[in-house]
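Asks: To start, I am sharing the structure in question, which I have written as structure tokens.
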There are 2 protein chains.
Amino acid sequence: MSLGIVSPQSMHFSAPLPLQSGASIADYTLVYETYGALNADHSNAVLVCHALNASHHVAGVYAGPGGTGTVGWWDNMVGPGKPLDTDRFFVIGVNNLGSCFGSTGPMHVNPATGKPYGVAFPVVTVEDWVQAQARLADALGIRQFAAVMGGSLGGMQAMAWSMLYPERIRHCVIIAATPKLSAQNIAFNDVARQAILTDPDYHGGDYYAHGVVPKSGLRVARMVGHITYLSDDDMAEKFGRALRNGDYQFGFGIDFEIESYLRYQGDKFSEYFDANTYLLITKALDYFDPARAFDGDLTKALAGTRSEFLLVSFSTDWRFAPARSHEIVQALVNNKRKVTYAEIDAPHGHDAFLLEDARYLKVVRSYYNNVWQEIERGRVADKARA
Amino acid sequence: MSLGIVSPQSMHFSAPLPLQSGASIADYTLVYETYGALNADHSNAVLVCHALNASHHVAGVYAGPGGTGTVGWWDNMVGPGKPLDTDRFFVIGVNNLGSCFGSTGPMHVNPATGKPYGVAFPVVTVEDWVQAQARLADALGIRQFAAVMGGSLGGMQAMAWSMLYPERIRHCVIIAATPKLSAQNIAFNDVARQAILTDPDYHGGDYYAHGVVPKSGLRVARMVGHITYLSDDDMAEKFGRALRNGDYQFGFGIDFEIESYLRYQGDKFSEYFDANTYLLITKALDYFDPARAFDGDLTKALAGTRSEFLLVSFSTDWRFAPARSHEIVQALVNNKRKVTYAEIDAPHGHDAFLLEDARYLKVVRSYYNNVWQEIERGRVADKARA
């Protein structure tokens, strides 16, 4: 069952947030949604962190013409009776700083100049997002999360929570993630950034003032990104060499269905996504590397964690392959943390973390059943109230 | 030993060349190089076909300041005492139609309009290139090649020779190729094309008249292409997450060495390569699919071949993976063709076909030794003269 119609909320923070770069954000707003009810001892809160192009709108639909607004990006995962069951858990989705779905970002007015931030918006990191999320948790009266959860870049935020706030998170759910991007991952991100930065309509990030957006750059960025979200096999299965018009056109229009699909994805994306946000979020991806402060030793980086962990990877994910999840699992095992790991044999590449897959959803459901049983047993209540 | 200083030659063809698209090229010039000497019975000629961004300049150097001109792209493969030994073989490299290194292409004057072709240059296919190469062979008095050879797109041309002119080719050497591009391959090509086509400096292909080139588009095209030429492991080994300036810069300049490398490759490429040529050649790649006329049955497509075959693939090549070479080998075996196949365990991805690798070069050397022994035995002389 879906949550039905949901509404975003927002919270303003006036204390400056110091950032990893040394800069700070003077004051800012976070947009978020909550589903389900917080229980009396505040022990049933779950934070769901979003990836590159998603938002606080995790589940449910927005009211719209006929009540059929946009469905949340993880509606198959979160809702009444869903794997993350909102009849049991109080679930929070929050739009990250620098994103373009309501929380303060590059398109908002910089109080220092009275003009949109543009590239003056500070480069934020996964850890910065966690700090901002922690302040929101404080404001909502949540001292300790039952779980922090995310896929891809969202999984990195969950991982960062387990390191930055080990006492504030009982379970950490890291799906289709990696402890750090590879050179190839960074390379793809840089192609995307270069496509945007060299689009003449980018205007050094100040395109808002020119009444344009760097549509061509964003479009190419999304196209190249999208290729990395799908598996080669899945693309072969869905599109293969199918032609749009039955025969080769001997021109530079559309020949193959895959071209039509990718261009459509690029067009759609360039109409709703902010280019400066794309730059910022790919940098947050590139910079994430918690072992960096420990001479590359991930075991040491995770030594301070206290939570239990669920990790899930997907066999055909070549963006963040199962081997990358293995690194995290191994480092946690080295620290004698309690870890559940599932490698799902799914054909859909990196995108699998967003899709219907009975085995995958069953693993997550089963994990949250255990989390719930802990809460029911009251085992965690004292800790949560402490 | 290198060939030393070499010079390109050119040949004009005034008879129109009918193309697979139904169009034709009215008259045209092919630029080519030859190394070694054609023997008396013309049985020792080898045609070397080039890939996307290469040319007729296969081996040797051009005269330049101090005699150190640009080295040919396969100088480690072709030359005196090299695997394809120019002391034995008469080797021909020819720049393909539509390319930008001297043969007639989009930047040349269209005799019908008196202006550069631009996008009016007809879309050419691998098979069209073979037809043009066959005319050059006719003019050079070569009825039958000892071998036609190429890597990547060059391998596709060799393969097309074996099908279009089975009597004119005794050996077919296909390296790091594929019988057809996958949806993922096409997707990457289309990203590159879209980057070029949507660059405002492209001017609908007529950038010559505007005195500009679509540099940003070409740059992004090359960057994304380059990622597919290298293996993930090789990139990790060479660049990893090494930082250019010791620490994160928290901006959109260069943080990682891999970014510096890729942008440099993109910049360099955009200074010498023609954008319309890039569009044309990626289309030739996408369209190559000899089994298409046989309901997708590659065995049937290769039934008419008469040559012997050498195929080589590289373990870490994810652009045209070993499995794609297996498809060709299997179809040839189904036809009871004589096939030698080597899968080289090399770390360098698709680019491995251009690089030093003792095992790889030994395989090719050994194959050409056998080709040479056939010639020495005179076994093929009658056939070649027929």
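Chain labels run A, B, ... following the order of the structure tokens; each chain numbers its residues from 1, and ligands are numbered from 1 in the order shown.
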Could you pull the residues within 9 Å of Gly204 of chain A, counting only C-alpha atoms, minus those fewer than 4 positions along the same chain, as a list of chain:residue names?
Replies: A:Gly118, A:Val119, A:Leu197, A:Thr198, A:Pro200
Asks: For chain A, work out the contacting residues on chain B at 7 Å, counting only C-alpha atoms, and write them as a PyMOL selection string.
Replies: chain B and resi 21+123+182-184+187+190-191+194-195+198+216+220+223-224+232+235-236+239-241+250-251+258-259
Asks: If we count only C-alpha atoms and set the cut-off at 7 Å, which residues sit around Val48 of chain A, ignoring sequence neighbours fewer than 4 positions away in its own chain? Please answer as a PyMOL selection string.
Replies: chain A and resi 92-93+148-150
Asks: Could you write out that same residue set with N, CA, C and O atoms as a compact mmCIF listing (two decimals), in the first residue's frame?
Replies:
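Output file selection-v2.txt is given in full below:
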```txt
# COMPACT_ATOMS: atom_id res chain seq x y z
N ILE A 92 12.07 9.64 7.86
CA ILE A 92 12.37 11.02 7.46
C ILE A 92 13.17 11.01 6.15
O ILE A 92 14.16 10.29 6.03
N GLY A 93 12.71 11.79 5.21
CA GLY A 93 13.49 12.05 4.00
C GLY A 93 13.87 13.52 4.00
O GLY A 93 13.02 14.37 4.26
N VAL A 148 19.80 4.52 9.80
CA VAL A 148 20.01 5.47 8.72
C VAL A 148 20.29 4.63 7.49
O VAL A 148 21.06 3.66 7.55
N MET A 149 19.67 4.99 6.39
CA MET A 149 19.63 4.11 5.22
C MET A 149 19.76 4.91 3.93
O MET A 149 19.25 6.04 3.84
N GLY A 150 20.45 4.33 2.95
CA GLY A 150 20.48 4.97 1.65
C GLY A 150 21.10 4.06 0.60
O GLY A 150 21.80 3.09 0.94
```
Asks: Skipping near chain neighbours, those fewer than 6 positions away, what residues fall within 12 Å of Leu311 of chain A using only C-alpha atoms, listed as a ChimeraX atom specification?
Replies: /A:149-152,155-156,158-159,171-179,322-330,332,338-344,353,360,363-364,367
Asks: Identify, on the basis of only C-alpha atoms, every residue whose closest approach to segment 135-146 of chain B does not exceed 6 Å; exclude the query and any residue fewer than 6 positions from it along the same chain; express the result as a list in words.
Replies: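 Neighbouring residues, sequence-local ones excluded: Asn44, Ala45, Val46, Arg168, Ile169, Arg170 and Ala384 of chain B.
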Asks: Give me a file of those residues, with N, CA, C and O atoms, as a short mmCIF file (atom, residue, chain, number, x, y, z; two decimals), in the first residue's frame.
Replies:
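Once written, result_24.cif looks like this:
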```
data_model
loop_
_atom_site.label_atom_id
_atom_site.label_comp_id
_atom_site.auth_asym_id
_atom_site.auth_seq_id
_atom_site.Cartn_x
_atom_site.Cartn_y
_atom_site.Cartn_z
N ASN B 44 52.78 -10.43 -51.64
CA ASN B 44 53.18 -10.10 -50.26
C ASN B 44 52.57 -8.80 -49.74
O ASN B 44 53.10 -8.18 -48.83
N ALA B 45 51.44 -8.41 -50.29
CA ALA B 45 50.82 -7.15 -49.86
C ALA B 45 49.92 -7.35 -48.65
O ALA B 45 49.13 -8.30 -48.60
N VAL B 46 50.05 -6.45 -47.69
CA VAL B 46 49.20 -6.47 -46.50
C VAL B 46 48.57 -5.09 -46.33
O VAL B 46 49.27 -4.07 -46.32
N ARG B 168 40.08 -12.14 -52.62
CA ARG B 168 41.16 -11.16 -52.65
C ARG B 168 41.92 -11.07 -51.33
O ARG B 168 42.73 -10.17 -51.14
N ILE B 169 41.69 -11.97 -50.42
CA ILE B 169 42.32 -11.91 -49.10
C ILE B 169 42.62 -13.34 -48.63
O ILE B 169 41.72 -14.17 -48.53
N ARG B 170 43.91 -13.61 -48.38
CA ARG B 170 44.29 -14.96 -47.94
C ARG B 170 44.22 -15.10 -46.43
O ARG B 170 43.91 -16.15 -45.91
N ALA B 384 47.60 -15.83 -56.59
CA ALA B 384 47.76 -14.38 -56.55
C ALA B 384 47.85 -13.79 -57.95
O ALA B 384 47.40 -12.67 -58.18
#
```
Asks: Do you have the atom CA of Tyr208 of chain A-atom CA of Gly114 of chain A distance handy?
Replies: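 Taking atom CA of Tyr208 of chain A as the start and atom CA of Gly114 of chain A as the end point, the length is 13.2 Å.
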Asks: Mind pulling up the distance from atom CA of Leu30 of chain B to atom CA of Ser103 of chain B?
Replies: 4.4 Å
Asks: Run DSSP on the backbone and tell me which residues of segment 199-314 of chain B come out as helix (DSSP H, G or I); list them as a VMD selection string.
Replies: chain B and resid 200 to 205 207 to 210 215 to 229 232 to 238 257 to 272 275 to 287 290 to 294 298 to 301
Asks: Just to confirm, what's the straight-line distance from atom CA of His12 of chain B to atom CA of Phe101 of chain B in Å (one decimal)?
Replies: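 Taking atom CA of His12 of chain B and atom CA of Phe101 of chain B, their separation equals 15.0 Å.
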Asks: Calculated over only C-alpha atoms, which of the candidates B:Phe314, B:Phe288, B:Trp161, B:Phe309 has the smallest distance to Leu355 of chain B?
Replies: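 Once distances to Leu355 of chain B are computed over only C-alpha atoms, the minimum belongs to B:Phe314.
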Asks: Tell me, which residues of segment 31-180 of chain A carry DSSP strand (DSSP E or B), written as number ranges by chain?
Replies: A: 31-35, 45-49, 61, 71, 78-79, 84-85, 90-94, 109-110, 115-116, 145-151, 169-175
Asks: Pick from B:Asp75, B:Val371, B:Asp128, B:Leu153: nearest to Leu17 of chain B, with only C-alpha atoms counted?
Replies: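 Closest residue, counting only C-alpha atoms: B:Asp128.
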Asks: Let me make sure I understand: among A:Cys100, A:Gln157, A:Val130, A:Arg319, which one has the smallest atom-to-atom distance to Tyr272 of chain A if we use only C-alpha atoms?
Replies: A:Cys100
